[in-house]
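**Student:** File follows, data30.csv with CSV, C-alpha atoms:
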```
chain,number,residue,atom,x,y,z
A,9,MET,CA,0.0,0.0,0.0
A,10,SER,CA,1.3,3.4,-0.9
A,11,ARG,CA,2.3,5.5,2.1
A,12,GLY,CA,1.2,8.6,0.1
A,13,ALA,CA,-2.4,7.3,0.1
A,14,PHE,CA,-2.4,6.5,3.8
A,15,LYS,CA,-3.7,9.2,6.2
A,16,PRO,CA,-4.2,8.2,9.8
A,17,VAL,CA,-7.3,9.7,11.5
A,18,ALA,CA,-7.0,11.6,14.7
A,19,ASP,CA,-7.6,9.9,18.0
A,20,VAL,CA,-11.3,9.5,18.7
A,21,ASP,CA,-13.3,9.5,21.9
A,22,TYR,CA,-16.7,9.3,20.4
A,23,CYS,CA,-19.0,6.4,19.3
A,24,ILE,CA,-18.8,6.4,15.6
A,25,TYR,CA,-16.3,7.7,13.1
A,26,SER,CA,-17.7,8.0,9.6
A,27,GLY,CA,-15.3,7.3,6.8
A,28,VAL,CA,-15.5,8.2,3.1
A,29,LYS,CA,-18.9,7.4,1.7
A,30,SER,CA,-19.4,5.7,-1.6
A,31,ALA,CA,-22.5,4.0,-3.1
A,32,MET,CA,-20.4,1.1,-4.2
A,33,ALA,CA,-18.1,0.9,-1.2
A,34,ASN,CA,-18.1,-2.0,1.2
A,35,ARG,CA,-19.7,-1.1,4.5
A,36,ILE,CA,-17.4,-2.2,7.3
A,37,LEU,CA,-17.7,-1.7,11.1
A,38,VAL,CA,-14.7,-1.6,13.4
A,39,PHE,CA,-15.4,-2.6,17.0
A,40,TYR,CA,-13.1,-1.4,19.8
A,41,GLY,CA,-13.6,-2.3,23.4
A,42,SER,CA,-11.0,-0.8,25.8
A,43,TYR,CA,-12.4,1.2,28.8
A,44,ARG,CA,-9.0,2.2,30.2
A,45,SER,CA,-8.1,5.9,30.6
A,46,ASP,CA,-4.8,5.6,28.7
A,47,ARG,CA,-6.0,3.5,25.8
A,48,MET,CA,-3.3,2.2,23.5
A,49,GLY,CA,-5.5,0.1,21.2
A,50,ILE,CA,-7.1,3.2,19.8
A,51,ARG,CA,-3.9,3.5,17.8
A,52,LEU,CA,-4.6,0.2,16.0
A,53,ALA,CA,-8.2,1.2,15.5
A,54,ASN,CA,-7.2,4.4,13.9
A,55,TYR,CA,-4.6,2.7,11.7
A,56,VAL,CA,-7.3,0.2,10.5
A,57,LEU,CA,-9.8,2.9,9.8
A,58,ALA,CA,-7.3,4.9,7.8
A,59,GLY,CA,-6.2,1.9,5.8
A,60,PHE,CA,-9.6,0.9,4.7
A,61,ARG,CA,-10.6,4.5,4.0
A,62,ALA,CA,-7.6,4.7,1.6
A,63,ARG,CA,-9.1,1.6,-0.2
A,64,GLY,CA,-12.4,3.5,-0.7
A,65,ASP,CA,-14.5,1.6,1.9
A,66,ASN,CA,-17.3,3.0,3.9
A,67,ILE,CA,-16.0,2.4,7.4
A,68,ASP,CA,-17.2,3.3,10.9
A,69,LEU,CA,-15.8,2.9,14.4
A,70,ILE,CA,-18.0,1.5,17.1
A,71,ASP,CA,-16.4,2.4,20.5
A,72,ALA,CA,-17.7,0.4,23.4
A,73,LYS,CA,-16.6,2.9,26.0
A,74,ALA,CA,-18.2,5.8,24.3
A,75,ILE,CA,-21.5,3.9,23.8
A,76,GLY,CA,-21.4,2.7,27.4
A,77,LEU,CA,-23.9,-0.2,27.3
A,78,PRO,CA,-24.7,-1.7,30.7
A,79,MET,CA,-23.7,-5.2,31.6
A,80,LEU,CA,-25.9,-7.5,29.6
A,81,ASP,CA,-29.3,-8.1,31.1
A,82,ARG,CA,-31.6,-8.3,28.1
A,83,MET,CA,-30.4,-8.8,24.6
A,84,TYR,CA,-31.7,-6.6,21.8
A,85,LYS,CA,-33.8,-9.5,20.5
A,86,GLU,CA,-35.4,-10.0,23.9
A,87,TYR,CA,-37.1,-6.7,23.9
A,88,PRO,CA,-40.7,-6.5,22.5
A,89,LYS,CA,-40.5,-5.1,18.9
A,90,GLY,CA,-40.1,-1.3,19.0
A,91,SER,CA,-39.3,-1.2,22.7
A,92,ALA,CA,-35.5,-1.6,22.8
A,93,PRO,CA,-33.5,1.4,24.0
A,94,ALA,CA,-32.6,3.7,21.1
A,95,ILE,CA,-28.8,3.0,21.3
A,96,LEU,CA,-29.5,-0.8,20.9
A,97,GLU,CA,-31.9,-0.1,18.0
A,98,ASN,CA,-29.4,2.1,16.2
A,99,LEU,CA,-26.5,-0.4,16.7
A,100,ALA,CA,-28.7,-3.3,15.5
A,101,THR,CA,-29.5,-1.3,12.3
A,102,GLN,CA,-25.8,-0.6,11.8
A,103,ILE,CA,-24.8,-4.2,12.3
A,104,ARG,CA,-27.5,-5.5,10.0
A,105,SER,CA,-26.5,-3.0,7.2
A,106,ALA,CA,-22.7,-3.8,7.4
A,107,ASP,CA,-21.0,-6.0,4.8
A,108,GLY,CA,-18.2,-7.0,7.2
A,109,PHE,CA,-16.6,-6.5,10.6
A,110,ILE,CA,-13.2,-5.9,12.2
A,111,PHE,CA,-12.6,-6.5,15.9
A,112,ILE,CA,-9.8,-4.7,17.6
A,113,ALA,CA,-8.9,-7.2,20.2
A,114,GLY,CA,-6.9,-6.3,23.3
A,115,GLU,CA,-5.8,-9.0,25.7
A,116,TYR,CA,-6.3,-9.1,29.4
A,117,ASN,CA,-4.8,-12.0,31.4
A,118,TRP,CA,-4.8,-14.3,28.3
A,119,GLY,CA,-8.4,-13.4,27.7
A,120,VAL,CA,-10.7,-11.0,25.9
A,121,GLN,CA,-11.6,-7.4,26.9
A,122,PRO,CA,-14.9,-7.5,28.9
A,123,GLY,CA,-16.0,-4.2,27.3
A,124,LEU,CA,-15.9,-5.5,23.8
A,125,LYS,CA,-17.4,-8.9,24.8
A,126,ASN,CA,-20.3,-7.2,26.6
A,127,LEU,CA,-21.1,-5.0,23.6
A,128,THR,CA,-21.1,-7.9,21.1
A,129,ASP,CA,-23.2,-10.1,23.4
A,130,HIS,CA,-26.2,-7.7,23.2
A,131,PHE,CA,-26.8,-9.0,19.6
A,132,LEU,CA,-26.9,-12.3,17.8
A,133,GLU,CA,-28.9,-12.8,14.6
A,134,GLU,CA,-27.8,-9.3,13.5
A,135,TRP,CA,-24.2,-10.6,13.0
A,136,PHE,CA,-25.2,-13.6,10.8
A,137,TRP,CA,-23.8,-14.4,7.3
A,138,ARG,CA,-21.0,-11.7,7.2
A,139,PRO,CA,-17.2,-12.1,7.4
A,140,ALA,CA,-15.2,-10.8,10.3
A,141,ALA,CA,-11.5,-10.1,10.8
A,142,ILE,CA,-9.4,-9.8,14.0
A,143,ALA,CA,-6.7,-7.3,14.7
A,144,SER,CA,-5.1,-8.0,18.1
A,145,TYR,CA,-2.7,-6.0,20.2
A,146,SER,CA,-0.9,-6.0,23.5
A,147,GLY,CA,2.0,-4.2,25.3
A,148,GLY,CA,4.2,-7.3,24.8
A,149,ARG,CA,5.7,-9.3,22.0
A,150,LEU,CA,2.8,-11.9,21.8
A,151,ALA,CA,0.6,-9.1,20.4
A,152,GLY,CA,-2.7,-10.3,21.9
A,153,ALA,CA,-2.4,-13.8,20.4
A,154,HIS,CA,-4.4,-15.4,23.2
A,155,ALA,CA,-7.3,-13.0,22.8
A,156,ALA,CA,-7.3,-13.4,19.0
A,157,THR,CA,-7.5,-17.1,19.4
A,158,ALA,CA,-10.5,-16.8,21.8
A,159,TRP,CA,-12.3,-14.4,19.5
A,160,HIS,CA,-12.1,-16.9,16.6
A,161,GLY,CA,-14.4,-19.2,18.4
A,162,ILE,CA,-16.6,-16.4,19.8
A,163,LEU,CA,-17.2,-14.8,16.4
A,164,SER,CA,-17.9,-18.2,14.8
A,165,GLU,CA,-20.5,-19.0,17.4
A,166,MET,CA,-22.1,-15.6,16.7
A,167,GLY,CA,-22.7,-16.6,13.0
A,168,MET,CA,-19.7,-14.9,11.3
A,169,ILE,CA,-17.1,-16.3,9.0
A,170,VAL,CA,-13.7,-15.4,10.5
A,171,VAL,CA,-11.1,-14.8,7.8
A,172,SER,CA,-7.8,-16.6,8.1
A,173,SER,CA,-5.6,-13.4,7.9
A,174,SER,CA,-5.1,-11.4,11.0
A,175,LEU,CA,-3.1,-8.4,12.3
A,176,SER,CA,-1.0,-8.9,15.4
A,177,VAL,CA,0.5,-5.8,16.9
A,178,GLY,CA,3.0,-5.8,19.8
A,179,PRO,CA,4.5,-4.1,21.5
A,180,ILE,CA,1.9,-1.6,20.3
A,181,SER,CA,3.8,1.4,21.7
A,182,ARG,CA,6.8,0.5,19.4
A,183,THR,CA,4.6,-0.2,16.4
A,184,LEU,CA,2.2,2.7,16.1
A,185,SER,CA,2.5,6.3,17.2
A,186,ASP,CA,-0.2,8.0,19.2
A,187,LYS,CA,-1.7,9.2,15.9
A,188,GLY,CA,-1.9,5.6,14.6
A,189,GLU,CA,1.1,6.0,12.3
A,190,PRO,CA,3.5,3.0,11.8
A,191,ILE,CA,6.9,3.5,13.4
A,192,GLY,CA,10.2,1.6,13.3
A,193,GLU,CA,10.7,-2.0,12.0
A,194,ASN,CA,7.5,-3.2,13.7
A,195,GLY,CA,5.5,-0.5,11.9
A,196,LYS,CA,7.0,-1.6,8.5
A,197,HIS,CA,6.0,-5.2,9.2
A,198,LEU,CA,2.5,-4.1,10.1
A,199,GLU,CA,2.2,-2.2,6.8
A,200,ASP,CA,3.3,-5.3,4.9
A,201,THR,CA,0.8,-7.5,6.8
A,202,PHE,CA,-2.1,-5.1,6.4
A,203,VAL,CA,-2.3,-5.5,2.6
A,204,GLY,CA,-3.0,-9.2,2.8
A,205,PHE,CA,-5.3,-8.7,5.8
A,206,ALA,CA,-7.4,-6.1,4.0
A,207,ASP,CA,-7.4,-8.1,0.7
A,208,ASP,CA,-8.6,-11.2,2.6
A,209,LEU,CA,-11.5,-9.5,4.3
A,210,SER,CA,-12.5,-7.6,1.1
A,211,TRP,CA,-12.6,-10.9,-0.9
A,212,TRP,CA,-14.9,-12.5,1.6
A,213,VAL,CA,-17.0,-9.4,1.9
A,214,GLU,CA,-17.5,-9.4,-1.9
A,215,ALA,CA,-18.2,-13.1,-1.9
A,216,ALA,CA,-20.9,-12.8,0.8
A,217,LYS,CA,-22.5,-9.8,-0.9
A,218,ALA,CA,-22.7,-11.7,-4.2
A,219,GLN,CA,-24.2,-14.8,-2.5
A,220,ARG,CA,-26.8,-12.7,-0.6
A,221,ALA,CA,-27.8,-11.0,-3.9
A,222,LYS,CA,-28.3,-14.5,-5.4
A,223,LYS,CA,-30.0,-16.3,-2.6
A,224,ALA,CA,-31.4,-15.4,0.8
A,225,PRO,CA,-29.6,-16.9,3.8
A,226,PRO,CA,-31.3,-20.1,5.0
A,227,TYR,CA,-32.2,-18.6,8.4
```
Take the structure in the file and give it back as structure tokens.
**Tutor:**
Amino acid sequence: MSRGAFKPVADVDYCIYSGVKSAMANRILVFYGSYRSDRMGIRLANYVLAGFRARGDNIDLIDAKAIGLPMLDRMYKEYPKGSAPAILENLATQIRSADGFIFIAGEYNWGVQPGLKNLTDHFLEEWFWRPAAIASYSGGRLAGAHAATAWHGILSEMGMIVVSSSLSVGPISRTLSDKGEPIGENGKHLEDTFVGFADDLSWWVEAAKAQRAKKAPPY
């Protein structure tokens, strides 16, 4: 990917970042789940947003901390039709209208971030029949590998196809600047890896869109 075409977005502390809009662009949602005050993973979220924007995709950030859903009590589908809280209704509409998903997966004690898991658990059927990709990170050299492995099973159970390519960033502070720009040798490796990651997800997004246009999902 040409560095000249890559423009990182500024750090974000709001719910949704709207990327470049195009009628023919793939609609992709990026989910990020850290609730910490000094969040490092937002660097990776910004990098992914900028990378897919440069490819012409319509991409939005869903920030679990900014949305602030309560701990799961009642799933969206468990509310009587028309009675779900507005934030759940809006999120359900966004998820249903997306062509694919990217999950920015931080790792806590060999596990997944509770904030991101709580957000995703509010929905189920809304995720079905779309591809998902995982971009993991941590402060150490293992780059969130344990969390990424866990998310593979979780996302599959939630009805998504998880692409085989992934991004693994660690140590994140030596890979991306606070503006989401690649730095050093780790950053160069990330740029090289990103191309295949984006191509893989885009291929599955296009395949799923074509199949849905031909034939309705079985359920």
**Student:** My list of candidates is A:Leu175, A:Ala206, A:Ala92, A:Ala216. Which is closest to Arg63 (chain A) when distances are computed with all atoms listed in the file?
**Tutor:**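 So, comparing all the options, the nearest one is A:Ala206.
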**Student:** Which of these, A:Leu150, A:Lys85, A:Arg220, A:Ile191, has the shortest distance to Trp118 (chain A) once you count all atoms listed in the file?
**Tutor:**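 Of the candidates, the smallest distance to Trp118 (chain A) is held by A:Leu150.
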**Student:** Counting only C-alpha atoms, what is within 8 Å of Leu198 (chain A), bar same-chain residues fewer than 2 positions away, as number ranges by chain?
**Tutor:** A: 175-177, 183, 190, 194-196, 200-202
**Student:** Please provide as a VMD selection string all residues within 12 Å of Gly114 (chain A), with the sequence filter that same-chain residues fewer than 3 positions apart are discarded (counting only C-alpha atoms).
**Tutor:** chain A and resid 39 to 44 47 to 53 111 117 to 125 142 to 148 150 to 159 175 to 180
**Student:** For C-alpha atoms, I'd like the residues from the last selection saved as a short mmCIF file (atom, residue, chain, number, x, y, z; two decimals), in the frame of the given file.
**Tutor:**
```cif
data_model
loop_
_atom_site.label_atom_id
_atom_site.label_comp_id
_atom_site.auth_asym_id
_atom_site.auth_seq_id
_atom_site.Cartn_x
_atom_site.Cartn_y
_atom_site.Cartn_z
CA PHE A 39 -15.40 -2.60 17.00
CA TYR A 40 -13.10 -1.40 19.80
CA GLY A 41 -13.60 -2.30 23.40
CA SER A 42 -11.00 -0.80 25.80
CA TYR A 43 -12.40 1.20 28.80
CA ARG A 44 -9.00 2.20 30.20
CA ARG A 47 -6.00 3.50 25.80
CA MET A 48 -3.30 2.20 23.50
CA GLY A 49 -5.50 0.10 21.20
CA ILE A 50 -7.10 3.20 19.80
CA ARG A 51 -3.90 3.50 17.80
CA LEU A 52 -4.60 0.20 16.00
CA ALA A 53 -8.20 1.20 15.50
CA PHE A 111 -12.60 -6.50 15.90
CA ASN A 117 -4.80 -12.00 31.40
CA TRP A 118 -4.80 -14.30 28.30
CA GLY A 119 -8.40 -13.40 27.70
CA VAL A 120 -10.70 -11.00 25.90
CA GLN A 121 -11.60 -7.40 26.90
CA PRO A 122 -14.90 -7.50 28.90
CA GLY A 123 -16.00 -4.20 27.30
CA LEU A 124 -15.90 -5.50 23.80
CA LYS A 125 -17.40 -8.90 24.80
CA ILE A 142 -9.40 -9.80 14.00
CA ALA A 143 -6.70 -7.30 14.70
CA SER A 144 -5.10 -8.00 18.10
CA TYR A 145 -2.70 -6.00 20.20
CA SER A 146 -0.90 -6.00 23.50
CA GLY A 147 2.00 -4.20 25.30
CA GLY A 148 4.20 -7.30 24.80
CA LEU A 150 2.80 -11.90 21.80
CA ALA A 151 0.60 -9.10 20.40
CA GLY A 152 -2.70 -10.30 21.90
CA ALA A 153 -2.40 -13.80 20.40
CA HIS A 154 -4.40 -15.40 23.20
CA ALA A 155 -7.30 -13.00 22.80
CA ALA A 156 -7.30 -13.40 19.00
CA THR A 157 -7.50 -17.10 19.40
CA ALA A 158 -10.50 -16.80 21.80
CA TRP A 159 -12.30 -14.40 19.50
CA LEU A 175 -3.10 -8.40 12.30
CA SER A 176 -1.00 -8.90 15.40
CA VAL A 177 0.50 -5.80 16.90
CA GLY A 178 3.00 -5.80 19.80
CA PRO A 179 4.50 -4.10 21.50
CA ILE A 180 1.90 -1.60 20.30
#
```
**Student:** I'd like the interatomic distance between CA of Leu69 (chain A) and CA of Ala224 (chain A), to a tenth of an Å.
**Tutor:**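 Atom-to-atom, CA of Leu69 (chain A) and CA of Ala224 (chain A) are spaced 27.6 Å apart.
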**Student:** Measuring between all atoms listed in the file, which one of A:Arg82, A:His130, A:Lys73, A:Arg104 shows the shortest distance to Arg35 (chain A)?
**Tutor:**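 Checking each of A:Arg82, A:His130, A:Lys73, A:Arg104 against Arg35 (chain A), counting all atoms listed in the file, the winner is A:Arg104.
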**Student:** Using all atoms listed in the file, can you tell me which of A:Ser45, A:Trp211, A:Ser173, A:Glu134 comes closest to Ala74 (chain A)?
**Tutor:**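 Among the listed residues, A:Ser45 lies closest to Ala74 (chain A).
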**Student:** Quote the spacing between CA of Ser172 (chain A) and CA of Ala140 (chain A) in Å to one decimal place.
**Tutor:**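 It comes out at 9.7 Å.
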**Student:** Within 9 Å of Tyr84 (chain A), counting all atoms listed in the file, which residues show up once you throw out same-chain ones fewer than 4 positions away? Write them as a PyMOL selection string, please.
**Tutor:** chain A and resi 92-93+96-97+100+130-132
**Student:** For C-alpha atoms, I'd like the residues from the last selection saved as a PDB file, keeping the file's coordinate frame.
**Tutor:**
```pdb
ATOM      1  CA  ALA A  92     -35.500  -1.600  22.800  1.00  0.00           C
ATOM      2  CA  PRO A  93     -33.500   1.400  24.000  1.00  0.00           C
ATOM      3  CA  LEU A  96     -29.500  -0.800  20.900  1.00  0.00           C
ATOM      4  CA  GLU A  97     -31.900  -0.100  18.000  1.00  0.00           C
ATOM      5  CA  ALA A 100     -28.700  -3.300  15.500  1.00  0.00           C
ATOM      6  CA  HIS A 130     -26.200  -7.700  23.200  1.00  0.00           C
ATOM      7  CA  PHE A 131     -26.800  -9.000  19.600  1.00  0.00           C
ATOM      8  CA  LEU A 132     -26.900 -12.300  17.800  1.00  0.00           C
TER       9      LEU A 132
END
```
**Student:** In Å, with one decimal, what is the gap from CA of Phe109 (chain A) to CA of Leu209 (chain A)?
**Tutor:**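 Going from CA of Phe109 (chain A) over to CA of Leu209 (chain A) covers 8.6 Å.
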**Student:** Let me make sure I understand: among A:Gly90, A:Gly192, A:Gly161, A:Pro78, which one has the smallest atom-to-atom distance to Leu127 (chain A) if we use all atoms listed in the file?
**Tutor:**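 Looking only at the distances to Leu127 (chain A), the closest residue turns out to be A:Pro78.
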**Student:** Considering all atoms listed in the file, can you say which of A:Trp137, A:Asp81, A:Ile70, A:Tyr55 comes closest to Tyr227 (chain A)?
**Tutor:**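 Using all atoms listed in the file, the shortest distance to Tyr227 (chain A) belongs to A:Trp137.
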